[in-house]
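Chemist: What follows is a single structure, and I will ask about it in a moment.
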Amino acid sequence: MKNPATLLVVSDLQISKQFYIEVLGLELIEEFSHSLKMKSGNHTFIMFQGSKEAVDYEHGYNASSTIVFPVENLDIAIKKLSDNSVEFIHESPNQNQWGHYIAFKDPSGIAVEVMEWFT
């Protein structure tokens, strides 16, 4: 297998497009009436228009998937997300063996994290 990609089915394609480009900084590569192709670094994101929000679950406990975006400075990332009215899943950043992170949901209810990796 070569370069993996992430496939997202979203409840509102235009709202998700705006969020992923303006808030998370993805680059739009292609756009069709029912789908988008975007990139973040070398990673490709394919987005399709769905009809429902993501299934609600307890983040970090139920089996699920999460998109993790690396950041240089978690505090700056949190400020930018807060300025864009993002509601966080965690009240404050958490830590695991790889770094500090905070989780939130995108406009469709898909879990996303920003993480400052330990060096």
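Chain labels follow the order of the structure tokens: the first chain is A, the next B, and so on; residue numbering restarts at 1 in every chain, and ligands are counted from 1 in their shown order.
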Which parts of chain A does DSSP call strand (DSSP E or B) when run on the backbone here, written out as JSON, numbers by chain?
Modeler: {"A": [5, 6, 7, 8, 9, 10, 27, 28, 29, 30, 31, 35, 36, 37, 38, 39, 40, 43, 44, 45, 46, 47, 48, 49, 67, 68, 69, 70, 88, 94, 95, 99, 100, 101, 102, 103, 104, 105, 111, 112, 113, 114, 115, 116, 117]}
Chemist: Looking only at helix (DSSP H, G or I) from DSSP on the backbone, list the matching residues of segment 12-87 of chain A as a ChimeraX atom specification.
Modeler: /A:13-23,74-83
Chemist: Go ahead and save the picked residues with N, CA, C and O atoms, as a PDB file, in the first residue's frame.
Modeler:
```pdb
ATOM      1  N   LEU A  13     -21.698  19.217   3.516  1.00  0.00           N
ATOM      2  CA  LEU A  13     -20.426  19.296   2.805  1.00  0.00           C
ATOM      3  C   LEU A  13     -19.850  20.712   2.808  1.00  0.00           C
ATOM      4  O   LEU A  13     -18.655  20.900   3.025  1.00  0.00           O
ATOM      5  N   GLN A  14     -20.675  21.719   2.614  1.00  0.00           N
ATOM      6  CA  GLN A  14     -20.168  23.093   2.545  1.00  0.00           C
ATOM      7  C   GLN A  14     -19.695  23.604   3.907  1.00  0.00           C
ATOM      8  O   GLN A  14     -18.676  24.280   4.007  1.00  0.00           O
ATOM      9  N   ILE A  15     -20.426  23.288   4.957  1.00  0.00           N
ATOM     10  CA  ILE A  15     -19.988  23.682   6.305  1.00  0.00           C
ATOM     11  C   ILE A  15     -18.695  22.955   6.656  1.00  0.00           C
ATOM     12  O   ILE A  15     -17.768  23.551   7.213  1.00  0.00           O
ATOM     13  N   SER A  16     -18.599  21.678   6.326  1.00  0.00           N
ATOM     14  CA  SER A  16     -17.375  20.910   6.594  1.00  0.00           C
ATOM     15  C   SER A  16     -16.212  21.449   5.777  1.00  0.00           C
ATOM     16  O   SER A  16     -15.090  21.567   6.293  1.00  0.00           O
ATOM     17  N   LYS A  17     -16.448  21.792   4.532  1.00  0.00           N
ATOM     18  CA  LYS A  17     -15.406  22.384   3.683  1.00  0.00           C
ATOM     19  C   LYS A  17     -14.851  23.642   4.342  1.00  0.00           C
ATOM     20  O   LYS A  17     -13.633  23.799   4.485  1.00  0.00           O
ATOM     21  N   GLN A  18     -15.717  24.519   4.756  1.00  0.00           N
ATOM     22  CA  GLN A  18     -15.305  25.766   5.397  1.00  0.00           C
ATOM     23  C   GLN A  18     -14.500  25.478   6.673  1.00  0.00           C
ATOM     24  O   GLN A  18     -13.444  26.062   6.896  1.00  0.00           O
ATOM     25  N   PHE A  19     -14.987  24.563   7.508  1.00  0.00           N
ATOM     26  CA  PHE A  19     -14.316  24.227   8.768  1.00  0.00           C
ATOM     27  C   PHE A  19     -12.918  23.658   8.520  1.00  0.00           C
ATOM     28  O   PHE A  19     -11.942  24.098   9.129  1.00  0.00           O
ATOM     29  N   TYR A  20     -12.822  22.674   7.643  1.00  0.00           N
ATOM     30  CA  TYR A  20     -11.539  22.010   7.430  1.00  0.00           C
ATOM     31  C   TYR A  20     -10.520  22.914   6.726  1.00  0.00           C
ATOM     32  O   TYR A  20      -9.322  22.789   6.958  1.00  0.00           O
ATOM     33  N   ILE A  21     -10.982  23.838   5.898  1.00  0.00           N
ATOM     34  CA  ILE A  21     -10.068  24.766   5.227  1.00  0.00           C
ATOM     35  C   ILE A  21      -9.726  25.945   6.136  1.00  0.00           C
ATOM     36  O   ILE A  21      -8.559  26.237   6.373  1.00  0.00           O
ATOM     37  N   GLU A  22     -10.744  26.632   6.661  1.00  0.00           N
ATOM     38  CA  GLU A  22     -10.506  27.865   7.413  1.00  0.00           C
ATOM     39  C   GLU A  22     -10.009  27.622   8.838  1.00  0.00           C
ATOM     40  O   GLU A  22      -9.187  28.385   9.336  1.00  0.00           O
ATOM     41  N   VAL A  23     -10.505  26.591   9.495  1.00  0.00           N
ATOM     42  CA  VAL A  23     -10.126  26.354  10.894  1.00  0.00           C
ATOM     43  C   VAL A  23      -8.930  25.414  11.002  1.00  0.00           C
ATOM     44  O   VAL A  23      -8.011  25.661  11.773  1.00  0.00           O
ATOM     45  N   LEU A  74       0.498  23.563  21.282  1.00  0.00           N
ATOM     46  CA  LEU A  74      -0.886  23.224  21.611  1.00  0.00           C
ATOM     47  C   LEU A  74      -1.667  24.435  22.114  1.00  0.00           C
ATOM     48  O   LEU A  74      -2.829  24.616  21.761  1.00  0.00           O
ATOM     49  N   ASP A  75      -1.037  25.287  22.908  1.00  0.00           N
ATOM     50  CA  ASP A  75      -1.735  26.464  23.433  1.00  0.00           C
ATOM     51  C   ASP A  75      -2.204  27.389  22.313  1.00  0.00           C
ATOM     52  O   ASP A  75      -3.325  27.901  22.346  1.00  0.00           O
ATOM     53  N   ILE A  76      -1.366  27.598  21.307  1.00  0.00           N
ATOM     54  CA  ILE A  76      -1.743  28.441  20.164  1.00  0.00           C
ATOM     55  C   ILE A  76      -2.880  27.783  19.389  1.00  0.00           C
ATOM     56  O   ILE A  76      -3.831  28.451  18.974  1.00  0.00           O
ATOM     57  N   ALA A  77      -2.813  26.471  19.206  1.00  0.00           N
ATOM     58  CA  ALA A  77      -3.873  25.750  18.493  1.00  0.00           C
ATOM     59  C   ALA A  77      -5.198  25.847  19.249  1.00  0.00           C
ATOM     60  O   ALA A  77      -6.256  26.067  18.632  1.00  0.00           O
ATOM     61  N   ILE A  78      -5.156  25.698  20.556  1.00  0.00           N
ATOM     62  CA  ILE A  78      -6.380  25.806  21.370  1.00  0.00           C
ATOM     63  C   ILE A  78      -6.979  27.201  21.247  1.00  0.00           C
ATOM     64  O   ILE A  78      -8.193  27.354  21.099  1.00  0.00           O
ATOM     65  N   LYS A  79      -6.152  28.217  21.268  1.00  0.00           N
ATOM     66  CA  LYS A  79      -6.632  29.597  21.140  1.00  0.00           C
ATOM     67  C   LYS A  79      -7.314  29.803  19.796  1.00  0.00           C
ATOM     68  O   LYS A  79      -8.404  30.372  19.712  1.00  0.00           O
ATOM     69  N   LYS A  80      -6.698  29.327  18.715  1.00  0.00           N
ATOM     70  CA  LYS A  80      -7.283  29.459  17.373  1.00  0.00           C
ATOM     71  C   LYS A  80      -8.622  28.728  17.302  1.00  0.00           C
ATOM     72  O   LYS A  80      -9.595  29.254  16.759  1.00  0.00           O
ATOM     73  N   LEU A  81      -8.673  27.520  17.838  1.00  0.00           N
ATOM     74  CA  LEU A  81      -9.922  26.756  17.820  1.00  0.00           C
ATOM     75  C   LEU A  81     -10.986  27.461  18.648  1.00  0.00           C
ATOM     76  O   LEU A  81     -12.145  27.573  18.219  1.00  0.00           O
ATOM     77  N   SER A  82     -10.618  27.968  19.814  1.00  0.00           N
ATOM     78  CA  SER A  82     -11.569  28.698  20.668  1.00  0.00           C
ATOM     79  C   SER A  82     -12.092  29.939  19.961  1.00  0.00           C
ATOM     80  O   SER A  82     -13.283  30.251  20.040  1.00  0.00           O
ATOM     81  N   ASP A  83     -11.209  30.647  19.263  1.00  0.00           N
ATOM     82  CA  ASP A  83     -11.608  31.842  18.521  1.00  0.00           C
ATOM     83  C   ASP A  83     -12.595  31.517  17.408  1.00  0.00           C
ATOM     84  O   ASP A  83     -13.325  32.389  16.943  1.00  0.00           O
TER      85      ASP A  83
END
```
Chemist: Show which residues sit within 6 Å of Val114 of chain A, as JSON, numbers by chain. Count only C-alpha atoms, and ignore same-chain residues fewer than 6 positions away.
Modeler: {"A": [68, 69, 70, 101, 102]}
Chemist: Write the residues you've just listed into a file as a short mmCIF file (atom, residue, chain, number, x, y, z; two decimals), in the first residue's frame, and include N, CA and C atoms for each of them.
Modeler:
```
data_model
loop_
_atom_site.label_atom_id
_atom_site.label_comp_id
_atom_site.auth_asym_id
_atom_site.auth_seq_id
_atom_site.Cartn_x
_atom_site.Cartn_y
_atom_site.Cartn_z
N VAL A 68 -6.06 12.98 13.97
CA VAL A 68 -5.12 13.69 14.82
C VAL A 68 -4.24 14.58 13.94
N PHE A 69 -4.27 15.89 14.24
CA PHE A 69 -3.43 16.85 13.53
C PHE A 69 -2.29 17.28 14.45
N PRO A 70 -1.03 17.08 14.01
CA PRO A 70 0.09 17.54 14.83
C PRO A 70 0.20 19.06 14.78
N TYR A 101 -2.58 16.71 24.07
CA TYR A 101 -3.60 16.85 23.03
C TYR A 101 -4.90 17.36 23.62
N ILE A 102 -5.76 17.83 22.71
CA ILE A 102 -7.12 18.18 23.09
C ILE A 102 -8.03 17.72 21.97
#
```
Chemist: Just want the 12 Å neighbourhood of His43 of chain A, counted on only C-alpha atoms, with same-chain residues fewer than 5 positions away dropped. Output as a ChimeraX atom specification.
Modeler: /A:2-7,26-27,29,37-38,67-69
Chemist: With N, CA, C and O atoms kept, could you save the residues just selected as a PDB file, in the first residue's frame?
Modeler:
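After the write, out_13.pdb holds the following:
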```
ATOM      1  N   LYS A   2       0.433   2.230  -0.695  1.00  0.00           N
ATOM      2  CA  LYS A   2       1.209   3.465  -0.772  1.00  0.00           C
ATOM      3  C   LYS A   2       0.697   4.473   0.240  1.00  0.00           C
ATOM      4  O   LYS A   2       0.689   4.215   1.419  1.00  0.00           O
ATOM      5  N   ASN A   3       0.257   5.620  -0.210  1.00  0.00           N
ATOM      6  CA  ASN A   3      -0.180   6.699   0.674  1.00  0.00           C
ATOM      7  C   ASN A   3      -1.627   6.511   1.103  1.00  0.00           C
ATOM      8  O   ASN A   3      -2.523   6.616   0.274  1.00  0.00           O
ATOM      9  N   PRO A   4      -1.880   6.274   2.374  1.00  0.00           N
ATOM     10  CA  PRO A   4      -3.267   6.133   2.832  1.00  0.00           C
ATOM     11  C   PRO A   4      -3.973   7.481   2.796  1.00  0.00           C
ATOM     12  O   PRO A   4      -3.346   8.539   2.765  1.00  0.00           O
ATOM     13  N   ALA A   5      -5.287   7.429   2.791  1.00  0.00           N
ATOM     14  CA  ALA A   5      -6.122   8.626   2.822  1.00  0.00           C
ATOM     15  C   ALA A   5      -7.209   8.413   3.861  1.00  0.00           C
ATOM     16  O   ALA A   5      -7.460   7.290   4.294  1.00  0.00           O
ATOM     17  N   THR A   6      -7.848   9.494   4.259  1.00  0.00           N
ATOM     18  CA  THR A   6      -8.958   9.426   5.199  1.00  0.00           C
ATOM     19  C   THR A   6     -10.239   9.774   4.455  1.00  0.00           C
ATOM     20  O   THR A   6     -10.288  10.773   3.736  1.00  0.00           O
ATOM     21  N   LEU A   7     -11.271   8.951   4.633  1.00  0.00           N
ATOM     22  CA  LEU A   7     -12.573   9.184   4.034  1.00  0.00           C
ATOM     23  C   LEU A   7     -13.529   9.638   5.127  1.00  0.00           C
ATOM     24  O   LEU A   7     -13.669   8.971   6.157  1.00  0.00           O
ATOM     25  N   LEU A  26      -6.664  22.795   5.896  1.00  0.00           N
ATOM     26  CA  LEU A  26      -6.493  21.880   4.774  1.00  0.00           C
ATOM     27  C   LEU A  26      -6.556  22.647   3.457  1.00  0.00           C
ATOM     28  O   LEU A  26      -7.141  23.726   3.378  1.00  0.00           O
ATOM     29  N   GLU A  27      -5.963  22.071   2.431  1.00  0.00           N
ATOM     30  CA  GLU A  27      -5.937  22.660   1.102  1.00  0.00           C
ATOM     31  C   GLU A  27      -6.940  21.930   0.211  1.00  0.00           C
ATOM     32  O   GLU A  27      -6.912  20.706   0.108  1.00  0.00           O
ATOM     33  N   ILE A  29      -8.248  20.470  -3.085  1.00  0.00           N
ATOM     34  CA  ILE A  29      -7.623  19.955  -4.301  1.00  0.00           C
ATOM     35  C   ILE A  29      -8.656  19.823  -5.421  1.00  0.00           C
ATOM     36  O   ILE A  29      -8.428  20.253  -6.539  1.00  0.00           O
ATOM     37  N   LYS A  37     -11.982  16.754  -2.278  1.00  0.00           N
ATOM     38  CA  LYS A  37     -10.680  16.143  -2.030  1.00  0.00           C
ATOM     39  C   LYS A  37      -9.803  17.254  -1.481  1.00  0.00           C
ATOM     40  O   LYS A  37      -9.671  18.320  -2.094  1.00  0.00           O
ATOM     41  N   MET A  38      -9.205  17.011  -0.302  1.00  0.00           N
ATOM     42  CA  MET A  38      -8.355  17.995   0.348  1.00  0.00           C
ATOM     43  C   MET A  38      -7.062  17.333   0.791  1.00  0.00           C
ATOM     44  O   MET A  38      -6.973  16.110   0.840  1.00  0.00           O
ATOM     45  N   ILE A  67      -9.285  11.721  13.938  1.00  0.00           N
ATOM     46  CA  ILE A  67      -8.268  12.374  13.126  1.00  0.00           C
ATOM     47  C   ILE A  67      -7.377  13.158  14.078  1.00  0.00           C
ATOM     48  O   ILE A  67      -7.870  13.918  14.902  1.00  0.00           O
ATOM     49  N   VAL A  68      -6.062  12.977  13.965  1.00  0.00           N
ATOM     50  CA  VAL A  68      -5.117  13.693  14.821  1.00  0.00           C
ATOM     51  C   VAL A  68      -4.242  14.585  13.939  1.00  0.00           C
ATOM     52  O   VAL A  68      -3.585  14.100  13.019  1.00  0.00           O
ATOM     53  N   PHE A  69      -4.267  15.890  14.238  1.00  0.00           N
ATOM     54  CA  PHE A  69      -3.433  16.850  13.533  1.00  0.00           C
ATOM     55  C   PHE A  69      -2.285  17.275  14.447  1.00  0.00           C
ATOM     56  O   PHE A  69      -2.522  17.783  15.543  1.00  0.00           O
TER      57      PHE A  69
END
```
Chemist: So that I can see what lies close to segment 53-65 of chain A, please list as a short mmCIF file (atom, residue, chain, number, x, y, z; two decimals) with all heavy atoms, in the first residue's frame the residues with an atom at most 6 Å from it, counting only C-alpha atoms and leaving out residues fewer than 3 positions away in the same chain.
Modeler:
```
data_model
loop_
_atom_site.label_atom_id
_atom_site.label_comp_id
_atom_site.auth_asym_id
_atom_site.auth_seq_id
_atom_site.Cartn_x
_atom_site.Cartn_y
_atom_site.Cartn_z
N SER A 11 -22.28 15.58 7.38
CA SER A 11 -23.70 15.92 7.31
C SER A 11 -23.97 17.16 6.45
O SER A 11 -25.07 17.32 5.94
CB SER A 11 -24.28 16.11 8.71
OG SER A 11 -23.61 17.14 9.38
N SER A 108 -19.87 17.87 11.83
CA SER A 108 -20.68 16.66 11.66
C SER A 108 -20.64 15.75 12.87
O SER A 108 -21.26 14.69 12.88
CB SER A 108 -20.20 15.87 10.43
OG SER A 108 -20.41 16.61 9.25
N GLY A 109 -19.87 16.11 13.89
CA GLY A 109 -19.76 15.28 15.08
C GLY A 109 -18.61 14.28 15.03
O GLY A 109 -18.52 13.38 15.86
N ILE A 110 -17.71 14.42 14.05
CA ILE A 110 -16.55 13.53 13.93
C ILE A 110 -15.46 14.02 14.87
O ILE A 110 -15.13 15.20 14.91
CB ILE A 110 -16.04 13.52 12.47
CG1 ILE A 110 -17.13 12.98 11.54
CG2 ILE A 110 -14.74 12.72 12.35
CD1 ILE A 110 -16.85 13.19 10.07
#
```
Chemist: Using atom CA of Ser33 of chain A and atom CA of Val9 of chain A as the two end points, give the distance in Å to one decimal.
Modeler: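 Taking atom CA of Ser33 of chain A as the start and atom CA of Val9 of chain A as the end point, the length is 13.8 Å.
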Chemist: What does the distance from atom CA of Ile46 of chain A to atom CA of Val10 of chain A come to in Å, to one decimal?
Modeler: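 Result for atom CA of Ile46 of chain A versus atom CA of Val10 of chain A: 10.4 Å, one decimal.
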Chemist: Quick one: residues within 12 Å of Thr119 of chain A, only C-alpha atoms, excluding same-chain residues fewer than 4 positions away - as a ChimeraX atom specification?
Modeler: /A:72,97-100
Chemist: Convert the current residue selection to file output with C-alpha atoms, as a tab-separated table (two decimals), in the first residue's frame.
Modeler:
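The result, written out as out.tsv:
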```tsv
chain	number	residue	atom	x	y	z
A	72	GLU	CA	3.93	22.91	17.03
A	97	GLN	CA	2.78	8.56	25.97
A	98	TRP	CA	3.22	10.51	22.69
A	99	GLY	CA	2.26	14.07	23.64
A	100	HIS	CA	-0.30	16.59	24.88
```
